[in-house]
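Engineer: I'm passing along target_16.pdb; it holds PDB, C-alpha atoms and all ligand atoms.
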```pdb
ATOM      1  CA  MET F   1      64.133-117.281 -25.038
ATOM      2  CA  SER F   2      60.848-117.932 -26.890
ATOM      3  CA  LEU F   3      62.251-119.630 -29.952
ATOM      4  CA  ILE F   4      65.489-121.420 -30.715
ATOM      5  CA  VAL F   5      65.998-122.631 -34.261
ATOM      6  CA  ASP F   6      68.956-124.959 -34.204
ATOM      7  CA  ASP F   7      70.665-126.149 -37.392
ATOM      8  CA  LEU F   8      67.350-126.547 -39.213
ATOM      9  CA  THR F   9      67.410-128.086 -42.675
ATOM     10  CA  VAL F  10      64.270-128.438 -44.776
ATOM     11  CA  LYS F  11      64.211-130.466 -47.984
ATOM     12  CA  LEU F  12      62.059-129.476 -50.934
ATOM     13  CA  TYR F  13      61.533-132.323 -53.373
ATOM     14  CA  THR F  14      61.666-131.560 -57.078
ATOM     15  CA  ASN F  15      60.870-135.200 -57.836
ATOM     16  CA  PHE F  16      59.546-137.113 -54.848
ATOM     17  CA  LYS F  17      59.599-140.543 -56.557
ATOM     18  CA  LYS F  18      63.248-140.202 -57.529
ATOM     19  CA  LYS F  19      64.035-138.502 -54.195
ATOM     20  CA  GLU F  20      65.472-135.468 -55.974
ATOM     21  CA  PHE F  21      65.526-132.432 -53.734
ATOM     22  CA  PHE F  22      67.328-129.299 -52.646
ATOM     23  CA  ASN F  23      67.533-127.714 -49.211
ATOM     24  CA  VAL F  24      65.116-124.794 -49.159
ATOM     25  CA  ALA F  25      66.422-123.989 -45.665
ATOM     26  CA  ASP F  26      69.985-125.086 -45.062
ATOM     27  CA  SER F  27      71.424-125.403 -41.529
ATOM     28  CA  VAL F  28      69.528-122.367 -40.262
ATOM     29  CA  SER F  29      70.152-121.311 -36.649
ATOM     30  CA  PHE F  30      68.862-118.284 -34.772
ATOM     31  CA  SER F  31      67.040-117.462 -31.578
ATOM     32  CA  VAL F  32      64.396-114.975 -30.530
ATOM     33  CA  GLN F  33      63.957-113.598 -27.043
ATOM     34  CA  ASN F  34      60.628-112.837 -25.412
ATOM     35  CA  GLY F  35      59.152-109.679 -26.884
ATOM     36  CA  GLU F  36      61.782-109.419 -29.609
ATOM     37  CA  ILE F  37      61.037-108.870 -33.302
ATOM     38  CA  ILE F  38      63.352-110.516 -35.782
ATOM     39  CA  ALA F  39      62.984-109.842 -39.498
ATOM     40  CA  ILE F  40      63.833-112.382 -42.177
ATOM     41  CA  VAL F  41      64.390-110.491 -45.419
ATOM     42  CA  GLY F  42      65.230-111.608 -48.908
ATOM     43  CA  GLU F  43      63.872-111.564 -52.405
ATOM     44  CA  SER F  44      61.009-113.727 -53.668
ATOM     45  CA  GLY F  45      62.006-117.360 -53.953
ATOM     46  CA  SER F  46      64.800-117.132 -51.378
ATOM     47  CA  GLY F  47      63.095-119.706 -49.145
ATOM     48  CA  LYS F  48      62.144-117.331 -46.332
ATOM     49  CA  SER F  49      58.396-118.102 -46.441
ATOM     50  CA  PHE F  50      59.121-121.810 -46.551
ATOM     51  CA  LEU F  51      61.277-121.371 -43.477
ATOM     52  CA  GLY F  52      58.389-119.543 -41.764
ATOM     53  CA  LEU F  53      55.954-122.350 -42.605
ATOM     54  CA  SER F  54      58.446-124.937 -41.373
ATOM     55  CA  LEU F  55      58.638-123.248 -37.962
ATOM     56  CA  MET F  56      55.018-124.346 -37.466
ATOM     57  CA  ARG F  57      55.485-127.586 -39.430
ATOM     58  CA  LEU F  58      53.097-126.166 -42.018
ATOM     59  CA  ASN F  59      55.535-126.875 -44.850
ATOM     60  CA  PRO F  60      53.575-128.971 -47.345
ATOM     61  CA  PRO F  61      54.105-132.709 -46.742
ATOM     62  CA  TYR F  62      54.919-134.959 -49.720
ATOM     63  CA  ILE F  63      56.936-132.183 -51.347
ATOM     64  CA  SER F  64      58.983-131.149 -48.323
ATOM     65  CA  GLU F  65      60.250-132.371 -44.982
ATOM     66  CA  ILE F  66      62.380-131.245 -42.081
ATOM     67  CA  SER F  67      65.428-133.446 -42.504
ATOM     68  CA  SER F  68      67.419-132.300 -39.470
ATOM     69  CA  GLY F  69      67.613-129.732 -36.707
ATOM     70  CA  ASN F  70      65.402-128.504 -33.905
ATOM     71  CA  ILE F  71      62.761-125.832 -33.349
ATOM     72  CA  PHE F  72      62.412-125.213 -29.626
ATOM     73  CA  VAL F  73      59.497-123.028 -28.633
ATOM     74  CA  SER F  74      58.859-122.117 -25.030
ATOM     75  CA  SER F  75      56.323-120.148 -23.117
ATOM     76  CA  PRO F  76      57.573-117.312 -20.904
ATOM     77  CA  GLU F  77      54.635-118.033 -18.576
ATOM     78  CA  ASN F  78      55.705-121.539 -17.580
ATOM     79  CA  SER F  79      58.600-123.904 -18.082
ATOM     80  CA  GLU F  80      57.032-125.626 -21.087
ATOM     81  CA  LYS F  81      59.567-126.158 -23.876
ATOM     82  CA  ILE F  82      58.656-128.111 -26.989
ATOM     83  CA  ASN F  83      60.711-129.199 -29.973
ATOM     84  CA  ILE F  84      58.287-128.687 -32.854
ATOM     85  CA  ALA F  85      60.645-130.333 -35.336
ATOM     86  CA  LYS F  86      60.399-133.626 -33.470
ATOM     87  CA  LEU F  87      56.772-133.418 -32.363
ATOM     88  CA  LYS F  88      54.398-136.199 -33.404
ATOM     89  CA  GLU F  89      51.912-135.160 -36.075
ATOM     90  CA  ASN F  90      48.902-135.619 -33.751
ATOM     91  CA  LYS F  91      50.404-133.261 -31.145
ATOM     92  CA  LEU F  92      50.965-130.350 -33.522
ATOM     93  CA  SER F  93      47.464-128.902 -33.267
ATOM     94  CA  ASP F  94      47.962-128.447 -29.521
ATOM     95  CA  VAL F  95      51.019-126.251 -30.119
ATOM     96  CA  ARG F  96      49.796-124.270 -33.125
ATOM     97  CA  GLY F  97      47.906-121.208 -32.006
ATOM     98  CA  ARG F  98      48.694-121.779 -28.338
ATOM     99  CA  LEU F  99      52.516-121.530 -28.364
ATOM    100  CA  ILE F 100      53.235-120.400 -31.914
ATOM    101  CA  SER F 101      50.898-118.718 -34.346
ATOM    102  CA  MET F 102      51.061-117.396 -37.885
ATOM    103  CA  ILE F 103      49.589-114.679 -40.066
ATOM    104  CA  PHE F 104      49.849-114.708 -43.834
ATOM    105  CA  GLN F 105      50.050-112.182 -46.636
ATOM    106  CA  ASP F 106      46.546-113.070 -47.763
ATOM    107  CA  PRO F 107      44.047-113.350 -44.882
ATOM    108  CA  ASN F 108      41.601-115.047 -47.250
ATOM    109  CA  VAL F 109      43.796-118.143 -47.067
ATOM    110  CA  SER F 110      43.126-118.485 -43.344
ATOM    111  CA  LEU F 111      39.664-117.020 -42.859
ATOM    112  CA  ASN F 112      36.697-119.230 -43.644
ATOM    113  CA  PRO F 113      34.490-117.234 -46.056
ATOM    114  CA  VAL F 114      31.226-118.781 -44.817
ATOM    115  CA  ILE F 115      31.702-118.330 -41.054
ATOM    116  CA  LYS F 116      31.239-115.035 -39.230
ATOM    117  CA  ILE F 117      34.527-113.609 -37.966
ATOM    118  CA  GLY F 118      33.424-113.610 -34.315
ATOM    119  CA  ASP F 119      32.562-117.307 -34.537
ATOM    120  CA  GLN F 120      35.916-118.079 -36.167
ATOM    121  CA  ILE F 121      37.771-116.480 -33.268
ATOM    122  CA  ILE F 122      35.566-118.294 -30.724
ATOM    123  CA  GLU F 123      36.335-121.563 -32.515
ATOM    124  CA  ALA F 124      40.081-120.890 -32.254
ATOM    125  CA  ILE F 125      39.738-120.319 -28.498
ATOM    126  CA  LEU F 126      37.530-123.336 -27.803
ATOM    127  CA  ALA F 127      39.873-125.620 -29.762
ATOM    128  CA  HIS F 128      42.417-125.099 -26.965
ATOM    129  CA  LYS F 129      40.535-123.972 -23.878
ATOM    130  CA  LYS F 130      37.628-125.441 -21.988
ATOM    131  CA  MET F 131      35.266-122.559 -21.268
ATOM    132  CA  LYS F 132      31.726-121.384 -21.905
ATOM    133  CA  LYS F 133      31.029-120.065 -25.380
ATOM    134  CA  LYS F 134      29.886-116.791 -23.833
ATOM    135  CA  ASP F 135      33.286-116.318 -22.131
ATOM    136  CA  ALA F 136      35.095-117.158 -25.374
ATOM    137  CA  ALA F 137      32.908-114.583 -27.138
ATOM    138  CA  ASP F 138      33.969-111.952 -24.580
ATOM    139  CA  ILE F 139      37.640-112.741 -25.259
ATOM    140  CA  ALA F 140      37.042-112.634 -29.030
ATOM    141  CA  MET F 141      35.337-109.255 -28.664
ATOM    142  CA  HIS F 142      38.230-107.963 -26.543
ATOM    143  CA  TYR F 143      40.794-108.979 -29.184
ATOM    144  CA  LEU F 144      38.778-107.403 -31.987
ATOM    145  CA  GLU F 145      38.719-104.168 -29.996
ATOM    146  CA  LEU F 146      42.480-104.501 -29.387
ATOM    147  CA  MET F 147      42.837-104.610 -33.169
ATOM    148  CA  ARG F 148      40.807-101.396 -33.374
ATOM    149  CA  ILE F 149      37.815-103.161 -34.887
ATOM    150  CA  ASP F 150      34.377-102.187 -33.627
ATOM    151  CA  GLY F 151      33.536-105.573 -32.106
ATOM    152  CA  LYS F 152      29.810-104.914 -31.670
ATOM    153  CA  ALA F 153      29.393-103.818 -35.269
ATOM    154  CA  ARG F 154      31.668-106.424 -36.853
ATOM    155  CA  PHE F 155      31.388-109.547 -34.705
ATOM    156  CA  ASN F 156      28.735-111.047 -36.973
ATOM    157  CA  SER F 157      30.315-109.948 -40.250
ATOM    158  CA  TYR F 158      31.546-112.393 -42.852
ATOM    159  CA  PRO F 159      35.121-111.903 -44.125
ATOM    160  CA  HIS F 160      33.939-110.584 -47.514
ATOM    161  CA  GLU F 161      32.116-107.752 -45.736
ATOM    162  CA  LEU F 162      35.415-106.375 -44.400
ATOM    163  CA  SER F 163      38.168-104.398 -46.103
ATOM    164  CA  GLY F 164      41.543-106.072 -46.763
ATOM    165  CA  GLY F 165      43.141-104.203 -43.866
ATOM    166  CA  MET F 166      40.336-105.187 -41.509
ATOM    167  CA  ARG F 167      40.610-108.838 -42.557
ATOM    168  CA  GLN F 168      44.323-108.724 -41.804
ATOM    169  CA  ARG F 169      43.567-107.272 -38.361
ATOM    170  CA  VAL F 170      41.033-110.070 -37.730
ATOM    171  CA  MET F 171      43.815-112.510 -38.630
ATOM    172  CA  ILE F 172      46.110-110.908 -36.068
ATOM    173  CA  ALA F 173      43.321-111.057 -33.459
ATOM    174  CA  MET F 174      42.821-114.743 -34.217
ATOM    175  CA  ALA F 175      46.562-115.442 -34.118
ATOM    176  CA  MET F 176      46.978-113.608 -30.807
ATOM    177  CA  VAL F 177      43.830-114.701 -28.995
ATOM    178  CA  LEU F 178      45.547-117.612 -27.215
ATOM    179  CA  ASN F 179      48.462-115.414 -26.199
ATOM    180  CA  PRO F 180      51.160-117.394 -28.052
ATOM    181  CA  ALA F 181      54.846-116.988 -27.247
ATOM    182  CA  VAL F 182      55.763-116.601 -30.925
ATOM    183  CA  LEU F 183      54.000-114.990 -33.878
ATOM    184  CA  VAL F 184      55.237-115.720 -37.406
ATOM    185  CA  ALA F 185      54.119-112.927 -39.735
ATOM    186  CA  ASP F 186      54.698-113.800 -43.389
ATOM    187  CA  GLU F 187      54.593-110.650 -45.544
ATOM    188  CA  PRO F 188      51.554-109.387 -43.589
ATOM    189  CA  THR F 189      51.530-105.969 -45.262
ATOM    190  CA  THR F 190      52.474-106.800 -48.848
ATOM    191  CA  ALA F 191      48.908-106.765 -50.189
ATOM    192  CA  LEU F 192      47.929-103.585 -48.307
ATOM    193  CA  ASP F 193      48.134 -99.895 -49.164
ATOM    194  CA  VAL F 194      50.687 -97.760 -47.320
ATOM    195  CA  LYS F 195      48.290 -96.359 -44.709
ATOM    196  CA  THR F 196      46.803 -99.761 -43.862
ATOM    197  CA  SER F 197      50.290-101.320 -43.799
ATOM    198  CA  LEU F 198      51.364 -98.809 -41.182
ATOM    199  CA  GLN F 199      48.281 -99.631 -39.090
ATOM    200  CA  VAL F 200      49.046-103.358 -39.245
ATOM    201  CA  LEU F 201      52.707-102.771 -38.333
ATOM    202  CA  ALA F 202      51.612-100.607 -35.405
ATOM    203  CA  LEU F 203      49.326-103.401 -34.189
ATOM    204  CA  ILE F 204      52.110-105.989 -34.372
ATOM    205  CA  GLU F 205      54.305-103.622 -32.360
ATOM    206  CA  LYS F 206      51.430-103.134 -29.894
ATOM    207  CA  MET F 207      51.164-106.929 -29.436
ATOM    208  CA  ARG F 208      54.888-107.119 -28.792
ATOM    209  CA  VAL F 209      54.677-104.412 -26.121
ATOM    210  CA  GLU F 210      51.412-105.455 -24.467
ATOM    211  CA  LYS F 211      51.588-109.249 -24.843
ATOM    212  CA  ASN F 212      55.370-109.682 -24.909
ATOM    213  CA  VAL F 213      55.032-111.856 -27.998
ATOM    214  CA  SER F 214      58.156-112.655 -30.009
ATOM    215  CA  VAL F 215      57.696-111.960 -33.705
ATOM    216  CA  ILE F 216      59.319-113.488 -36.776
ATOM    217  CA  PHE F 217      58.602-110.876 -39.430
ATOM    218  CA  ILE F 218      59.154-112.212 -42.952
ATOM    219  CA  SER F 219      59.442-109.585 -45.672
ATOM    220  CA  HIS F 220      61.037-108.785 -49.011
ATOM    221  CA  ASP F 221      61.152-105.138 -47.924
ATOM    222  CA  LEU F 222      64.242-104.131 -45.987
ATOM    223  CA  SER F 223      62.847-100.673 -45.225
ATOM    224  CA  ILE F 224      59.871-102.206 -43.383
ATOM    225  CA  ALA F 225      62.218-104.569 -41.552
ATOM    226  CA  ARG F 226      64.269-101.574 -40.437
ATOM    227  CA  ASN F 227      61.220 -99.914 -38.928
ATOM    228  CA  ILE F 228      59.859-102.869 -37.030
ATOM    229  CA  SER F 229      62.639-105.282 -36.072
ATOM    230  CA  ASP F 230      65.328-105.551 -33.408
ATOM    231  CA  LYS F 231      67.381-108.044 -35.393
ATOM    232  CA  THR F 232      67.520-108.945 -39.060
ATOM    233  CA  ILE F 233      68.392-112.091 -40.956
ATOM    234  CA  VAL F 234      69.289-111.557 -44.612
ATOM    235  CA  PHE F 235      68.275-114.774 -46.345
ATOM    236  CA  TYR F 236      69.338-115.986 -49.782
ATOM    237  CA  ALA F 237      68.903-119.352 -51.509
ATOM    238  CA  GLY F 238      68.016-121.104 -48.261
ATOM    239  CA  GLN F 239      70.920-119.768 -46.228
ATOM    240  CA  ILE F 240      71.518-116.976 -43.747
ATOM    241  CA  MET F 241      73.837-114.501 -45.473
ATOM    242  CA  GLU F 242      73.999-111.944 -42.689
ATOM    243  CA  TYR F 243      72.488-111.780 -39.225
ATOM    244  CA  GLY F 244      72.688-109.147 -36.534
ATOM    245  CA  LYS F 245      71.068-106.139 -34.915
ATOM    246  CA  THR F 246      68.927-104.365 -37.502
ATOM    247  CA  GLU F 247      70.591-100.983 -37.007
ATOM    248  CA  ASP F 248      74.031-102.561 -37.560
ATOM    249  CA  ILE F 249      72.854-104.397 -40.686
ATOM    250  CA  ILE F 250      71.336-101.229 -42.172
ATOM    251  CA  ASN F 251      74.075 -98.785 -41.138
ATOM    252  CA  ASN F 252      77.028-101.062 -41.672
ATOM    253  CA  PRO F 253      76.169-103.937 -44.028
ATOM    254  CA  VAL F 254      79.094-106.219 -44.772
ATOM    255  CA  HIS F 255      77.745-108.994 -46.987
ATOM    256  CA  PRO F 256      77.697-108.064 -50.702
ATOM    257  CA  TYR F 257      74.061-109.219 -50.955
ATOM    258  CA  THR F 258      72.994-106.984 -48.057
ATOM    259  CA  ILE F 259      74.980-104.083 -49.533
ATOM    260  CA  SER F 260      73.272-104.645 -52.897
ATOM    261  CA  LEU F 261      69.819-104.952 -51.315
ATOM    262  CA  ILE F 262      70.249-101.674 -49.427
ATOM    263  CA  LYS F 263      71.559 -99.959 -52.549
ATOM    264  CA  SER F 264      68.412-100.961 -54.413
ATOM    265  CA  VAL F 265      66.080 -99.352 -51.836
ATOM    266  CA  PRO F 266      65.978 -95.539 -52.310
ATOM    267  CA  ALA F 267      64.830 -94.957 -48.724
ATOM    268  CA  LEU F 268      67.905 -96.779 -47.377
ATOM    269  CA  SER F 269      70.615 -96.135 -49.949
ATOM    270  CA  LYS F 270      73.111 -93.375 -49.146
ATOM    271  CA  ASP F 271      74.081 -93.299 -52.844
ATOM    272  CA  TYR F 272      70.595 -92.715 -54.202
ATOM    273  CA  VAL F 273      70.233 -89.605 -56.337
ATOM    274  CA  PRO F 274      66.599 -88.614 -57.002
ATOM    275  CA  ARG F 275      65.485 -89.233 -60.598
ATOM    276  CA  GLU F 276      68.636 -91.271 -61.303
ATOM    277  CA  LYS F 277      68.228 -94.885 -62.378
ATOM    278  CA  LEU F 278      67.753 -97.236 -59.401
ATOM    279  CA  PHE F 279      70.421 -99.813 -58.646
ATOM    280  CA  VAL F 280      69.356-103.317 -59.674
ATOM    281  CA  ILE F 281      71.130-106.481 -58.509
ATOM    282  CA  PRO F 282      72.288-108.213 -61.706
ATOM    283  CA  GLY F 283      70.931-111.650 -62.600
ATOM    284  CA  SER F 284      68.269-113.525 -60.699
ATOM    285  CA  LEU F 285      67.942-116.169 -58.021
ATOM    286  CA  SER F 286      67.550-119.646 -59.483
ATOM    287  CA  GLN F 287      66.895-123.139 -58.151
ATOM    288  CA  ASN F 288      70.480-124.063 -59.039
ATOM    289  CA  ASP F 289      71.730-121.539 -56.468
ATOM    290  CA  PHE F 290      70.138-123.688 -53.728
ATOM    291  CA  LYS F 291      72.164-126.688 -54.887
ATOM    292  CA  SER F 292      75.394-124.827 -55.452
ATOM    293  CA  GLY F 293      78.570-126.059 -53.764
ATOM    294  CA  LYS F 294      80.101-122.591 -54.055
ATOM    295  CA  CYS F 295      78.893-119.372 -52.455
ATOM    296  CA  ARG F 296      75.222-119.206 -53.388
ATOM    297  CA  PHE F 297      75.456-115.509 -54.232
ATOM    298  CA  TYR F 298      78.505-116.066 -56.447
ATOM    299  CA  GLY F 299      76.782-115.479 -59.800
ATOM    300  CA  ARG F 300      75.518-112.031 -58.779
ATOM    301  CA  CYS F 301      78.284-110.832 -56.503
ATOM    302  CA  PHE F 302      80.403-107.747 -57.221
ATOM    303  CA  LYS F 303      83.179-108.952 -54.908
ATOM    304  CA  LYS F 304      83.607-112.553 -55.978
ATOM    305  CA  THR F 305      87.043-114.141 -56.155
ATOM    306  CA  GLU F 306      88.259-117.628 -56.957
ATOM    307  CA  GLU F 307      88.081-118.633 -53.281
ATOM    308  CA  CYS F 308      84.313-118.102 -53.397
ATOM    309  CA  LEU F 309      84.000-121.240 -55.523
ATOM    310  CA  ASN F 310      84.245-123.220 -52.274
ATOM    311  CA  ASN F 311      81.455-123.823 -49.803
ATOM    312  CA  ILE F 312      81.230-120.741 -47.554
ATOM    313  CA  SER F 313      80.363-121.060 -43.865
ATOM    314  CA  LEU F 314      78.564-118.567 -41.675
ATOM    315  CA  LEU F 315      81.268-116.712 -39.735
ATOM    316  CA  LYS F 316      80.870-114.944 -36.430
ATOM    317  CA  LEU F 317      82.006-111.328 -36.747
ATOM    318  CA  ASN F 318      81.395-110.293 -33.166
ATOM    319  CA  GLY F 319      78.736-110.716 -30.484
ATOM    320  CA  GLU F 320      75.545-111.513 -32.333
ATOM    321  CA  ARG F 321      76.787-110.514 -35.790
ATOM    322  CA  PHE F 322      77.264-113.266 -38.381
ATOM    323  CA  VAL F 323      78.139-113.145 -42.069
ATOM    324  CA  ARG F 324      78.574-115.751 -44.799
ATOM    325  CA  CYS F 325      81.309-114.178 -46.892
ATOM    326  CA  ILE F 326      85.091-114.444 -47.099
ATOM    327  CA  ASN F 327      85.686-111.041 -48.729
ATOM    328  CA  ILE F 328      84.257-108.611 -46.235
ATOM    329  CA  LYS F 329      87.292-106.341 -45.804
TER     330      LYS F 329
HETATM  331  S1  LIG F 401      81.868-115.297 -50.537
HETATM  332 FE1  LIG F 401      82.529-114.373 -52.449
HETATM  333  S2  LIG F 401      80.839-114.630 -53.895
HETATM  334 FE2  LIG F 401      80.070-114.985 -51.835
HETATM  335  S3  LIG F 401      79.273-113.044 -51.176
HETATM  336 FE3  LIG F 401      81.361-113.142 -50.444
HETATM  337  S4  LIG F 401      82.584-112.201 -52.058
HETATM  338 FE4  LIG F 401      80.595-112.656 -52.931
END
```
Will you turn the file into structure tokens for me?

Structural biologist:
Amino acid sequence: MSLIVDDLTVKLYTNFKKKEFFNVADSVSFSVQNGEIIAIVGESGSGKSFLGLSLMRLNPPYISEISSGNIFVSSPENSEKINIAKLKENKLSDVRGRLISMIFQDPNVSLNPVIKIGDQIIEAILAHKKMKKKDAADIAMHYLELMRIDGKARFNSYPHELSGGMRQRVMIAMAMVLNPAVLVADEPTTALDVKTSLQVLALIEKMRVEKNVSVIFISHDLSIARNISDKTIVFYAGQIMEYGKTEDIINNPVHPYTISLIKSVPALSKDYVPREKLFVIPGSLSQNDFKSGKCRFYGRCFKKTEECLNNISLLKLNGERFVRCINIK
């Protein structure tokens, strides 16, 4: 197992002085095996990106904190197992990049605009490994080539000289160069055109196969999740609504939110009639949903009953299938 997230709760402060907060991730538990891809899907504002940041303790301090739970990350190559949630601040840089790495929707956030891309990758290597700069340069070149970037031609390019897709591939090279056990990919294809998105997805899949990396793939797009992941978590208002094998979730969704999400994606919906109006989930996700003592999907649910006004727990359906709903029959 590369990653075990155990009962993780992350607070997001709305007023730090008055200690007013809500749980942007609420008692979240899941695990990822070596070489497995797990998708976390949900609409914007559901808390999924915050959860991804928290896995690396990159959630912004002063406005958020991990209040309970564990994040165990382990390397398949040795017996090292580290609880990131409890790690001292000064030890985090040793783990980031080496055991767990992250790529973002916008590579410009992570790439330094005034340093050549080859040098940025070398820097990432030398921050963790003692070796000659020349050897680090060889590794950097190798990873650029793995990402189908002409290393010789592009090694000395600045980020602005590359296309968006190429910058994203440089990001993946940089994230993978230390051979981490876990890669968190937060909406890595959202800003890309369809063709480039497919290339990036293919490269993530290639890293899974060739490097046995476990991937947490965060996306608002269930159809992408279907194509790339082994398991899927459907996330809403900071909670897991449904969790299981991706093919089971897509072919036999049981949670009303998952059913509604699938219905609103033409490529997935069995009910979709071309040129007919698309299904839209009524209402919208609000901050109050995160604080709600009832089912958090209550206000938008087509199956709600009076019993749903109580707090709803995540129930085990069978094997690795979980659902947070009391009206699934
Ligand atoms: S518990 Fe009730 S409100 Fe919540 S998803 Fe299920 S049916 Fe809908």

Engineer: Could you work out how far CA of His128 in chain F lies from CA of Glu161 in chain F, giving the answer in Å with one decimal?

Structural biologist: 27.6 Å

Engineer: List all protein, DNA and RNA residues that have an atom no more than 7 Å from any atom of ligand LIG 401 (chain F), counting all atoms listed in the file, and report them as JSON, numbers by chain.

Structural biologist: {"F": [255, 256, 257, 295, 296, 297, 298, 301, 302, 303, 304, 305, 308, 312, 324, 325, 326, 327, 328]}

Engineer: If you keep C-alpha atoms, can you produce a file of those selected residues as a PDB file, keeping the file's coordinate frame?

Structural biologist:
```pdb
ATOM      1  CA  HIS F 255      77.745-108.994 -46.987  1.00  0.00           C
ATOM      2  CA  PRO F 256      77.697-108.064 -50.702  1.00  0.00           C
ATOM      3  CA  TYR F 257      74.061-109.219 -50.955  1.00  0.00           C
ATOM      4  CA  CYS F 295      78.893-119.372 -52.455  1.00  0.00           C
ATOM      5  CA  ARG F 296      75.222-119.206 -53.388  1.00  0.00           C
ATOM      6  CA  PHE F 297      75.456-115.509 -54.232  1.00  0.00           C
ATOM      7  CA  TYR F 298      78.505-116.066 -56.447  1.00  0.00           C
ATOM      8  CA  CYS F 301      78.284-110.832 -56.503  1.00  0.00           C
ATOM      9  CA  PHE F 302      80.403-107.747 -57.221  1.00  0.00           C
ATOM     10  CA  LYS F 303      83.179-108.952 -54.908  1.00  0.00           C
ATOM     11  CA  LYS F 304      83.607-112.553 -55.978  1.00  0.00           C
ATOM     12  CA  THR F 305      87.043-114.141 -56.155  1.00  0.00           C
ATOM     13  CA  CYS F 308      84.313-118.102 -53.397  1.00  0.00           C
ATOM     14  CA  ILE F 312      81.230-120.741 -47.554  1.00  0.00           C
ATOM     15  CA  ARG F 324      78.574-115.751 -44.799  1.00  0.00           C
ATOM     16  CA  CYS F 325      81.309-114.178 -46.892  1.00  0.00           C
ATOM     17  CA  ILE F 326      85.091-114.444 -47.099  1.00  0.00           C
ATOM     18  CA  ASN F 327      85.686-111.041 -48.729  1.00  0.00           C
ATOM     19  CA  ILE F 328      84.257-108.611 -46.235  1.00  0.00           C
TER      20      ILE F 328
END
```

Engineer: Show which residues sit within 10 Å of Ser101 in chain F, as a ChimeraX atom specification. Count all atoms listed in the file, and ignore same-chain residues fewer than 4 positions away.

Structural biologist: /F:55-56,95-97,172,174-185,215

Engineer: Excluding range 234-237 of chain F and its own-chain neighbours fewer than 3 positions away, which residues fall within 7 Å of it when counting only C-alpha atoms? Please give them as a ChimeraX atom specification.

Structural biologist: /F:40-42,46-48,240-243,258,289-290,296

Engineer: What does the distance from CA of Leu92 in chain F to CA of Tyr13 in chain F come to in Å, to one decimal?

Structural biologist: 22.6 Å
